[in-house]
Amino acid sequence: MDPRLEKEFLEHLETNRKIIHKVCFIYCRNRSDINDMYQEIVLQLWKSYPSFKGKSALSTWIYRVALNTAITATRNSVILVKTEEAPEIADDYESMMDLSEDTRLLYKAISKLERIEKAIILLWLDDRSYKDISDTIGITVKNVSVKITRIKVKLATILKNLQ
Amino acid sequence: MKDIDLEKYKSAWGGEKSFDNRIISGLDPARYLKRRSKGIVSSFRTGLVMDLVLKCILGASFAVLIFLYSMQPGLITVCGILFCLVCYLIFLQFKTSADIPGQMAYSDDLRTFLEKGITFYRTKYYKSLYISALSSPLIFISGMFFYNYFKYTGVRTMDLTDFFVLGLFCLVAYVFSAFVHIKHFNIRISQMEKCLSELDEGGISELTVRKQIRQQRIMLLIAVLLLITGFAALVFILML
């Protein structure tokens with residue numbers, strides 16, 4: 001592909017690295033999964049880049065591709081295992097991250113959510129508007145509002161039990 | 001028990017410095033842009049490409065058999081029919097590969113992405129799994145013809161028991177292969193269906209899935225009937 005396009009893509013990637021990082025954080029449990037997932041997301045972003053027409057914000061598009069990739073990942077069965085089985089942050093992951101206590105607790109709570117719930121709450125935590133979440137997930141704004149309310153209640157209950 | 005202040009956790013999440021760290025160090029992103037994807041869309045494509053390669057080899061082997069058995073008209077007919085069958089199956093697999101959701105599907109919203117993947121799998125790709133499974137009995141038949149040629153320089157006259165054993169082997173090879181192919185992909189697709197159902201909260205998509213399962217059973221029945229008919233035709237031709 002065009003080297004200019006590649007340079008432009010890598011610049012966008014650098015600016016929005018945090019988004020991919022968060023998706024990997026939510027859907028993976030160890031360093032090896034993260035490496036695989038991160039590379040897979042970047043690859044899908046790169047392959048889909050020509051289709052990005054700028055109709056939505058770049059960050060919304062990155063969220064879409066990243067979530068589509070993470071939710072349908074086939075690379076590693078560990079990613080697909082129900083997270084209730086191992087809600088703790090793996091040692092190698094923990095050494096890699098230097099999380100605050102609140103984020104650590106939130107991570108544990110989120111790991112108990114279903115995959116779609118994780119996607120929605122991730123967008124909510126990132127302060128995305130309901131319209132943005134609706135565009136990323138493909139459900140109505142009203143449905144987004146209902147789901148967020150339910151997930152927040154569920155998350156609060158889990159957090160209460162974890163404390 | 002005290003109430004949980006989710007906003008406190010949201011702020012902690014928003015201010016988390018760890019997310020700014022590089023999670024992959026020492027690797028040039030430009031390098032892994034060239035790696036091979038193992039996503040669901042790619043796995044559809046890989047499965048089809050592998051079967052196409054196998055079927056091309058099978059086609060070539062039946063073409064060689066037509067040449068080797070040029071002195072036995074009955075076997076030329078059988079190998080000719082099998083060669084045409086393989087060519088037709090290659091055509092069908094090519095048609096399916098053209099319908100694989102494109103790379104651009106990743107830019108769709110999650111719901112559309114899941115629907116596209118599931119619809120493709122449940123309608124087009126599912127049929128192609130039955131076609132892929134046909135490679136196993138065809139390899140067995142082709143191998144048997146080659147073995148007989150190099151061992152006995154020809155296929156001896158077969159009686160009813162031979163046909164029964166041959167048919168049984170082909171059937172077992174087909175059923176086993178189809179089972180493995182379908183089981184493997186069903187695991188992946190059921191995860192996508194679960195996500196879609198979660199989005200719909202057990203609404204329309206669940207009904208669609210049930211309808212699709214019913215269609216799959218009909219497809220399986222048709223495939224088995226076709227296989228039995230094909231085998232009976234083979235017996236009839238060989239007995240001529």
# chains A, B, ... in the order shown; residues from 1 in each chain; ligands from 1
call {"tool": "residues_around", "arguments": {"residues": "Asp5 (chain B)", "least_positions_apart": "6", "cutoff": "12 Å", "atoms": "only C-alpha atoms", "output": "list of chain:residue names"}}
result
A:Asp102, A:Leu106, A:Lys152, A:Val153, A:Leu155, A:Ala156, A:Thr157, A:Leu159, A:Lys160, B:Ser11, B:Ala12
call {"tool": "interface_residues", "arguments": {"of": "chain A", "to": "chain B", "cutoff": "6 Å", "atoms": "only C-alpha atoms", "output": "number ranges by chain"}}
result
A: 18, 43, 48, 64-65, 68, 73-75, 97-98, 102-103, 125, 136-138, 156
call {"tool": "write_last_selection", "arguments": {"atoms": "N, CA and C atoms", "output": "PDB file, in the first residue's frame"}}
result
ATOM      1  N   LYS A  18      -4.526   4.261  23.034  1.00  0.00           N
ATOM      2  CA  LYS A  18      -5.206   4.056  24.308  1.00  0.00           C
ATOM      3  C   LYS A  18      -6.506   3.233  24.132  1.00  0.00           C
ATOM      4  N   LEU A  43      -3.977  -5.093  12.811  1.00  0.00           N
ATOM      5  CA  LEU A  43      -4.048  -5.648  11.453  1.00  0.00           C
ATOM      6  C   LEU A  43      -5.414  -5.388  10.818  1.00  0.00           C
ATOM      7  N   SER A  48      -8.869  -2.469   7.133  1.00  0.00           N
ATOM      8  CA  SER A  48     -10.142  -1.760   6.951  1.00  0.00           C
ATOM      9  C   SER A  48      -9.946  -0.265   6.720  1.00  0.00           C
ATOM     10  N   ARG A  64     -15.172   0.517  16.803  1.00  0.00           N
ATOM     11  CA  ARG A  64     -15.947  -0.486  16.059  1.00  0.00           C
ATOM     12  C   ARG A  64     -15.085  -1.673  15.637  1.00  0.00           C
ATOM     13  N   VAL A  65     -13.990  -1.344  14.953  1.00  0.00           N
ATOM     14  CA  VAL A  65     -13.104  -2.411  14.447  1.00  0.00           C
ATOM     15  C   VAL A  65     -12.520  -3.201  15.619  1.00  0.00           C
ATOM     16  N   ASN A  68     -15.300  -5.388  17.228  1.00  0.00           N
ATOM     17  CA  ASN A  68     -15.660  -6.488  16.320  1.00  0.00           C
ATOM     18  C   ASN A  68     -14.576  -7.571  16.337  1.00  0.00           C
ATOM     19  N   ALA A  73     -12.851 -12.924  18.270  1.00  0.00           N
ATOM     20  CA  ALA A  73     -11.489 -13.470  18.228  1.00  0.00           C
ATOM     21  C   ALA A  73     -11.516 -14.988  18.247  1.00  0.00           C
ATOM     22  N   THR A  74     -10.704 -15.582  17.402  1.00  0.00           N
ATOM     23  CA  THR A  74     -10.649 -17.052  17.357  1.00  0.00           C
ATOM     24  C   THR A  74      -9.252 -17.541  17.687  1.00  0.00           C
ATOM     25  N   ARG A  75      -8.347 -16.594  17.843  1.00  0.00           N
ATOM     26  CA  ARG A  75      -6.939 -16.967  18.028  1.00  0.00           C
ATOM     27  C   ARG A  75      -6.701 -17.805  19.277  1.00  0.00           C
ATOM     28  N   MET A  97       1.120  -3.769  34.104  1.00  0.00           N
ATOM     29  CA  MET A  97       0.293  -2.594  34.364  1.00  0.00           C
ATOM     30  C   MET A  97       0.593  -2.071  35.767  1.00  0.00           C
ATOM     31  N   ASP A  98       0.390  -0.790  35.947  1.00  0.00           N
ATOM     32  CA  ASP A  98       0.540  -0.236  37.282  1.00  0.00           C
ATOM     33  C   ASP A  98      -0.779   0.469  37.593  1.00  0.00           C
ATOM     34  N   ASP A 102      -8.690   1.542  42.485  1.00  0.00           N
ATOM     35  CA  ASP A 102     -10.065   1.616  41.968  1.00  0.00           C
ATOM     36  C   ASP A 102     -10.173   0.948  40.595  1.00  0.00           C
ATOM     37  N   THR A 103      -9.203   1.169  39.738  1.00  0.00           N
ATOM     38  CA  THR A 103      -9.232   0.567  38.398  1.00  0.00           C
ATOM     39  C   THR A 103      -9.097  -0.953  38.507  1.00  0.00           C
ATOM     40  N   LEU A 125     -17.618   4.107  30.125  1.00  0.00           N
ATOM     41  CA  LEU A 125     -16.490   4.545  30.960  1.00  0.00           C
ATOM     42  C   LEU A 125     -15.626   5.562  30.231  1.00  0.00           C
ATOM     43  N   THR A 136     -21.776   2.537  17.475  1.00  0.00           N
ATOM     44  CA  THR A 136     -20.724   1.517  17.574  1.00  0.00           C
ATOM     45  C   THR A 136     -21.311   0.121  17.746  1.00  0.00           C
ATOM     46  N   ILE A 137     -22.336   0.030  18.579  1.00  0.00           N
ATOM     47  CA  ILE A 137     -22.899  -1.287  18.901  1.00  0.00           C
ATOM     48  C   ILE A 137     -23.996  -1.698  17.912  1.00  0.00           C
ATOM     49  N   GLY A 138     -24.730  -0.711  17.387  1.00  0.00           N
ATOM     50  CA  GLY A 138     -25.782  -1.031  16.417  1.00  0.00           C
ATOM     51  C   GLY A 138     -27.138  -1.256  17.049  1.00  0.00           C
ATOM     52  N   ALA A 156     -22.477  -2.360  40.001  1.00  0.00           N
ATOM     53  CA  ALA A 156     -22.476  -1.880  41.392  1.00  0.00           C
ATOM     54  C   ALA A 156     -22.617  -3.047  42.351  1.00  0.00           C
TER      55      ALA A 156
END
call {"tool": "atom_distance", "arguments": {"atom1": "CA of Ala173 (chain B)", "atom2": "CA of Ser136 (chain B)"}}
result
5.6 Å
call {"tool": "residues_around", "arguments": {"residues": "Phe9 (chain A)", "least_positions_apart": "4", "cutoff": "12 Å", "atoms": "only C-alpha atoms", "output": "number ranges by chain"}}
result
A: 1-5, 13-17, 42-43, 45-50, 52, 58, 62; B: 29-30, 33
call {"tool": "write_last_selection", "arguments": {"atoms": "N, CA and C atoms", "output": "tab-separated table (two decimals), in the first residue's frame"}}
result
chain	number	residue	atom	x	y	z
A	1	MET	N	0.83	-1.21	0.00
A	1	MET	CA	0.00	0.00	0.00
A	1	MET	C	0.87	1.27	0.00
A	2	ASP	N	0.24	2.35	-0.32
A	2	ASP	CA	0.87	3.66	-0.38
A	2	ASP	C	1.62	3.98	0.92
A	3	PRO	N	2.95	4.28	0.84
A	3	PRO	CA	3.72	4.56	2.07
A	3	PRO	C	3.19	5.78	2.83
A	4	ARG	N	2.62	6.73	2.08
A	4	ARG	CA	2.07	7.93	2.71
A	4	ARG	C	0.87	7.56	3.58
A	5	LEU	N	0.05	6.64	3.01
A	5	LEU	CA	-1.14	6.16	3.72
A	5	LEU	C	-0.73	5.38	4.98
A	13	LEU	N	-2.80	5.63	14.63
A	13	LEU	CA	-2.69	4.52	15.58
A	13	LEU	C	-2.04	4.97	16.87
A	14	GLU	N	-0.99	5.76	16.72
A	14	GLU	CA	-0.25	6.28	17.88
A	14	GLU	C	-1.16	7.17	18.73
A	15	THR	N	-1.94	8.02	18.05
A	15	THR	CA	-2.83	8.94	18.76
A	15	THR	C	-3.93	8.18	19.52
A	16	ASN	N	-4.40	7.09	18.92
A	16	ASN	CA	-5.54	6.37	19.51
A	16	ASN	C	-5.15	5.03	20.15
A	17	ARG	N	-3.87	4.88	20.46
A	17	ARG	CA	-3.36	3.64	21.04
A	17	ARG	C	-4.13	3.24	22.30
A	42	VAL	N	-4.76	-4.23	15.33
A	42	VAL	CA	-4.01	-3.30	14.45
A	42	VAL	C	-4.09	-3.79	13.00
A	43	LEU	N	-3.98	-5.09	12.81
A	43	LEU	CA	-4.05	-5.65	11.45
A	43	LEU	C	-5.41	-5.39	10.82
A	45	LEU	N	-7.51	-3.07	11.66
A	45	LEU	CA	-7.64	-1.62	11.44
A	45	LEU	C	-6.95	-1.23	10.13
A	46	TRP	N	-5.78	-1.79	9.94
A	46	TRP	CA	-4.99	-1.48	8.74
A	46	TRP	C	-5.70	-1.95	7.47
A	47	LYS	N	-6.24	-3.17	7.54
A	47	LYS	CA	-6.93	-3.72	6.36
A	47	LYS	C	-8.23	-2.96	6.07
A	48	SER	N	-8.87	-2.47	7.13
A	48	SER	CA	-10.14	-1.76	6.95
A	48	SER	C	-9.95	-0.26	6.72
A	49	TYR	N	-8.71	0.20	6.89
A	49	TYR	CA	-8.45	1.63	6.81
A	49	TYR	C	-8.95	2.28	5.52
A	50	PRO	N	-8.78	1.61	4.37
A	50	PRO	CA	-9.29	2.25	3.14
A	50	PRO	C	-10.80	2.51	3.17
A	52	PHE	N	-12.44	3.62	5.73
A	52	PHE	CA	-12.77	4.71	6.64
A	52	PHE	C	-12.95	6.00	5.83
A	58	LEU	N	-12.88	9.30	14.00
A	58	LEU	CA	-11.88	8.24	13.88
A	58	LEU	C	-11.91	7.31	15.09
A	62	ILE	N	-12.39	3.31	15.22
A	62	ILE	CA	-11.40	2.42	15.86
A	62	ILE	C	-12.09	1.52	16.89
B	29	PRO	N	5.11	-1.47	14.70
B	29	PRO	CA	3.72	-1.74	14.26
B	29	PRO	C	3.65	-2.02	12.76
B	30	ALA	N	4.51	-1.35	11.98
B	30	ALA	CA	4.48	-1.55	10.53
B	30	ALA	C	4.77	-3.01	10.17
B	33	LEU	N	1.65	-5.29	10.50
B	33	LEU	CA	0.58	-4.99	9.54
B	33	LEU	C	0.60	-6.04	8.43
call {"tool": "select_by_dssp", "arguments": {"residues": "region 7-127 of chain A", "states": "helix (DSSP H, G or I)", "output": "PyMOL selection string"}}
result
chain A and resi 7-15+17-27+31-51+58-71+77-80+83-85+91-96+101-110+115-125
call {"tool": "residues_around", "arguments": {"residues": "region 75-78 of chain B", "least_positions_apart": "4", "cutoff": "9 Å", "atoms": "only C-alpha atoms", "output": "PyMOL selection string"}}
result
chain B and resi 65-71+82-83+155+234+237-238
call {"tool": "closest_residue", "arguments": {"among": "A:Ala57, A:Val146, A:Ile41, A:Ile151", "to": "Ala70 (chain A)", "atoms": "only C-alpha atoms"}}
result
A:Ile41
call {"tool": "closest_residue", "arguments": {"among": "B:Gly143, B:Gly154, B:Pro137, B:Gly74", "to": "Cys170 (chain B)", "atoms": "only C-alpha atoms"}}
result
B:Pro137
call {"tool": "atom_distance", "arguments": {"atom1": "CA of Tyr147 (chain B)", "atom2": "CA of Asp51 (chain B)"}}
result
23.2 Å
call {"tool": "atom_distance", "arguments": {"atom1": "CA of Arg217 (chain B)", "atom2": "CA of Ala232 (chain B)"}}
result
22.8 Å
call {"tool": "closest_residue", "arguments": {"among": "B:Cys56, B:Ile100, B:Ile222, B:Leu85", "to": "Thr123 (chain B)", "atoms": "only C-alpha atoms"}}
result
B:Ile100
call {"tool": "residues_around", "arguments": {"residues": "Gln216 (chain B)", "least_positions_apart": "6", "cutoff": "12 Å", "atoms": "only C-alpha atoms", "output": "list of chain:residue names"}}
result
B:Tyr121, B:Arg122, B:Thr123, B:Lys124, B:Tyr125, B:Tyr126, B:Lys127, B:Ser128, B:Leu129, B:Tyr130, B:Ile182, B:Asn186, B:Val209, B:Arg210, B:Ile222, B:Ala223
call {"tool": "residues_around", "arguments": {"residues": "Leu54 (chain B)", "least_positions_apart": "5", "cutoff": "12 Å", "atoms": "only C-alpha atoms", "output": "list in words"}}
result
Gly47, Leu48, Val49, Gly59, Ala60, Ser61, Val86, Cys87, Leu89, Ile90, Gln93, Ile131, Ser132, Ala133, Leu134, Ser135, Ser136, Leu138 and Ile139 of chain B
call {"tool": "write_last_selection", "arguments": {"atoms": "C-alpha atoms", "output": "PDB file, in the first residue's frame"}}
result
ATOM      1  CA  GLY B  47     -11.089 -23.136   5.227  1.00  0.00           C
ATOM      2  CA  LEU B  48     -12.358 -22.601   1.691  1.00  0.00           C
ATOM      3  CA  VAL B  49      -8.921 -22.045   0.164  1.00  0.00           C
ATOM      4  CA  GLY B  59      -9.387 -33.247  -9.932  1.00  0.00           C
ATOM      5  CA  ALA B  60      -5.849 -33.736 -11.240  1.00  0.00           C
ATOM      6  CA  SER B  61      -5.685 -37.240  -9.740  1.00  0.00           C
ATOM      7  CA  VAL B  86     -14.915 -32.474  -8.459  1.00  0.00           C
ATOM      8  CA  CYS B  87     -14.937 -29.653 -11.048  1.00  0.00           C
ATOM      9  CA  LEU B  89     -17.633 -28.820  -6.381  1.00  0.00           C
ATOM     10  CA  ILE B  90     -14.684 -26.496  -7.091  1.00  0.00           C
ATOM     11  CA  GLN B  93     -16.649 -23.467  -3.433  1.00  0.00           C
ATOM     12  CA  ILE B 131     -19.043 -29.933   0.121  1.00  0.00           C
ATOM     13  CA  SER B 132     -15.670 -29.839   1.918  1.00  0.00           C
ATOM     14  CA  ALA B 133     -16.523 -33.093   3.675  1.00  0.00           C
ATOM     15  CA  LEU B 134     -16.946 -34.782   0.272  1.00  0.00           C
ATOM     16  CA  SER B 135     -13.170 -34.530  -0.178  1.00  0.00           C
ATOM     17  CA  SER B 136     -12.605 -37.397   2.268  1.00  0.00           C
ATOM     18  CA  LEU B 138     -13.230 -38.800  -2.907  1.00  0.00           C
ATOM     19  CA  ILE B 139      -9.645 -39.123  -1.610  1.00  0.00           C
TER      20      ILE B 139
END
call {"tool": "residues_around", "arguments": {"residues": "Val165 (chain B)", "least_positions_apart": "6", "cutoff": "12 Å", "atoms": "only C-alpha atoms", "output": "PyMOL selection string"}}
result
chain B and resi 141+158-159+171-172+231+235
